[in-house]
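Undergrad: One structure, pasted below without further comment.
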Amino acid sequence: MYNVYVIKSEVDGRLYKGMTNNLEKRIDQHNSGKNRSTKGFLPWKLVYHEVFITSEAARAREKYLKSGVGREFLDKKLNS
């Protein structure tokens with residue numbers, strides 16, 4: 001199983017979108033500073049995730065969430 005996830009920085013509210021096959025471990029990696037693109041904005045909290053059977057489907061969804069339309073979808077989902 002693959003997770004597409006969105007985490008939010010508790011410092012400035014920025015969102016980070018990613019995918020993983022071990023969500024708990026991946027969130028721990030973000031919060032321990034092991035990811036260069038997120039370590040300057042600790043701590044992070046999980047605000048949204050979806051589960052997929054294949055990595056291809058998960059990757060396509062991650063790409064969508066990073067697009068303009070996907071960002072609008074997340075904005076509506078997270079602020080409703």
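In the structure tokens, the first chain shown is A, the next is B, and so on; residue numbers restart at 1 for each chain, and ligands run from 1 in the order shown.
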Env of region 25-39 of chain A: 9 Å cut, atoms = only C-alpha atoms, seq-sep filter 6 positions within chain, self excluded. Answer as a PyMOL selection string.

TA: chain A and resi 7+9+16+19+45-46

Undergrad: As JSON, numbers by chain, which residues of chain A does DSSP assign to strand (DSSP E or B)?

TA: {"A": [2, 3, 4, 5, 6, 7, 8, 9, 15, 16, 17, 18, 19, 20, 44, 45, 46, 47, 48, 49, 50, 51, 52]}

Undergrad: Taking only C-alpha atoms into account, produce a table as a tab-separated table in which each residue of region 11-44 of chain A with an atom at most 12 Å from an atom of region 72-78 of chain A appears once, together with its shortest atom pair and the distance in Å to one decimal, ordered by chain and rising number.

TA:
```
residue	atom	partner	partner_atom	distance
A:Gly13	CA	A:Leu78	CA	11.9
A:Arg14	CA	A:Asp75	CA	11.6
A:Leu15	CA	A:Leu74	CA	9.7
A:Tyr16	CA	A:Leu74	CA	11.4
A:Lys17	CA	A:Leu74	CA	10.4
```

Undergrad: Just the residues within 10 Å of Tyr2 (chain A), please, counting only C-alpha atoms, with nothing from its chain fewer than 6 positions along; format it as a ChimeraX atom specification.

TA: /A:19-23,50-59

Undergrad: Pick the closest to Pro43 (chain A) from A:Val69, A:Arg61, A:Glu10, A:Glu24: which is it, counting only C-alpha atoms?

TA: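 Smallest distance to Pro43 (chain A) is found for A:Glu10.
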
Undergrad: Could you jot down the CA of Asp12 (chain A) to CA of Glu62 (chain A) separation for me, Å, one decimal place?

TA: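 Between these atoms lies a distance of 21.9 Å.
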
Undergrad: Considering only alpha helix (DSSP H) as DSSP defines it on the backbone, what residues of region 37-69 of chain A qualify? List them as a PyMOL selection string.

TA: chain A and resi 55-65+68-69

Undergrad: Could you save those same residues with N, CA and C atoms as a PDB file, in the first residue's frame?

TA:
```pdb
ATOM      1  N   SER A  55       2.121   1.984  -6.730  1.00  0.00           N
ATOM      2  CA  SER A  55       2.956   3.184  -6.650  1.00  0.00           C
ATOM      3  C   SER A  55       2.650   4.127  -7.813  1.00  0.00           C
ATOM      4  N   GLU A  56       2.270   3.570  -8.950  1.00  0.00           N
ATOM      5  CA  GLU A  56       1.958   4.406 -10.114  1.00  0.00           C
ATOM      6  C   GLU A  56       0.742   5.291  -9.838  1.00  0.00           C
ATOM      7  N   ALA A  57      -0.283   4.711  -9.237  1.00  0.00           N
ATOM      8  CA  ALA A  57      -1.486   5.482  -8.903  1.00  0.00           C
ATOM      9  C   ALA A  57      -1.165   6.548  -7.854  1.00  0.00           C
ATOM     10  N   ALA A  58      -0.361   6.190  -6.884  1.00  0.00           N
ATOM     11  CA  ALA A  58       0.020   7.138  -5.842  1.00  0.00           C
ATOM     12  C   ALA A  58       0.840   8.282  -6.424  1.00  0.00           C
ATOM     13  N   ARG A  59       1.773   7.960  -7.296  1.00  0.00           N
ATOM     14  CA  ARG A  59       2.618   8.986  -7.918  1.00  0.00           C
ATOM     15  C   ARG A  59       1.774   9.948  -8.759  1.00  0.00           C
ATOM     16  N   ALA A  60       0.793   9.414  -9.479  1.00  0.00           N
ATOM     17  CA  ALA A  60      -0.086  10.266 -10.280  1.00  0.00           C
ATOM     18  C   ALA A  60      -0.897  11.206  -9.377  1.00  0.00           C
ATOM     19  N   ARG A  61      -1.378  10.702  -8.258  1.00  0.00           N
ATOM     20  CA  ARG A  61      -2.150  11.538  -7.334  1.00  0.00           C
ATOM     21  C   ARG A  61      -1.266  12.603  -6.692  1.00  0.00           C
ATOM     22  N   GLU A  62      -0.042  12.226  -6.327  1.00  0.00           N
ATOM     23  CA  GLU A  62       0.900  13.196  -5.760  1.00  0.00           C
ATOM     24  C   GLU A  62       1.154  14.321  -6.776  1.00  0.00           C
ATOM     25  N   LYS A  63       1.368  13.952  -8.016  1.00  0.00           N
ATOM     26  CA  LYS A  63       1.601  14.942  -9.067  1.00  0.00           C
ATOM     27  C   LYS A  63       0.388  15.862  -9.208  1.00  0.00           C
ATOM     28  N   TYR A  64      -0.811  15.296  -9.141  1.00  0.00           N
ATOM     29  CA  TYR A  64      -2.028  16.106  -9.208  1.00  0.00           C
ATOM     30  C   TYR A  64      -2.089  17.098  -8.051  1.00  0.00           C
ATOM     31  N   LEU A  65      -1.813  16.629  -6.834  1.00  0.00           N
ATOM     32  CA  LEU A  65      -1.900  17.511  -5.667  1.00  0.00           C
ATOM     33  C   LEU A  65      -0.883  18.646  -5.722  1.00  0.00           C
ATOM     34  N   GLY A  68      -1.727  23.144  -9.910  1.00  0.00           N
ATOM     35  CA  GLY A  68      -2.596  24.249  -9.513  1.00  0.00           C
ATOM     36  C   GLY A  68      -3.982  23.781  -9.113  1.00  0.00           C
ATOM     37  N   VAL A  69      -4.562  22.893  -9.904  1.00  0.00           N
ATOM     38  CA  VAL A  69      -5.894  22.359  -9.598  1.00  0.00           C
ATOM     39  C   VAL A  69      -5.855  21.546  -8.314  1.00  0.00           C
TER      40      VAL A  69
END
```

Undergrad: What does the distance between CA of Phe41 (chain A) and CA of Tyr5 (chain A) come to in Å, to one decimal place?

TA: 16.9 Å
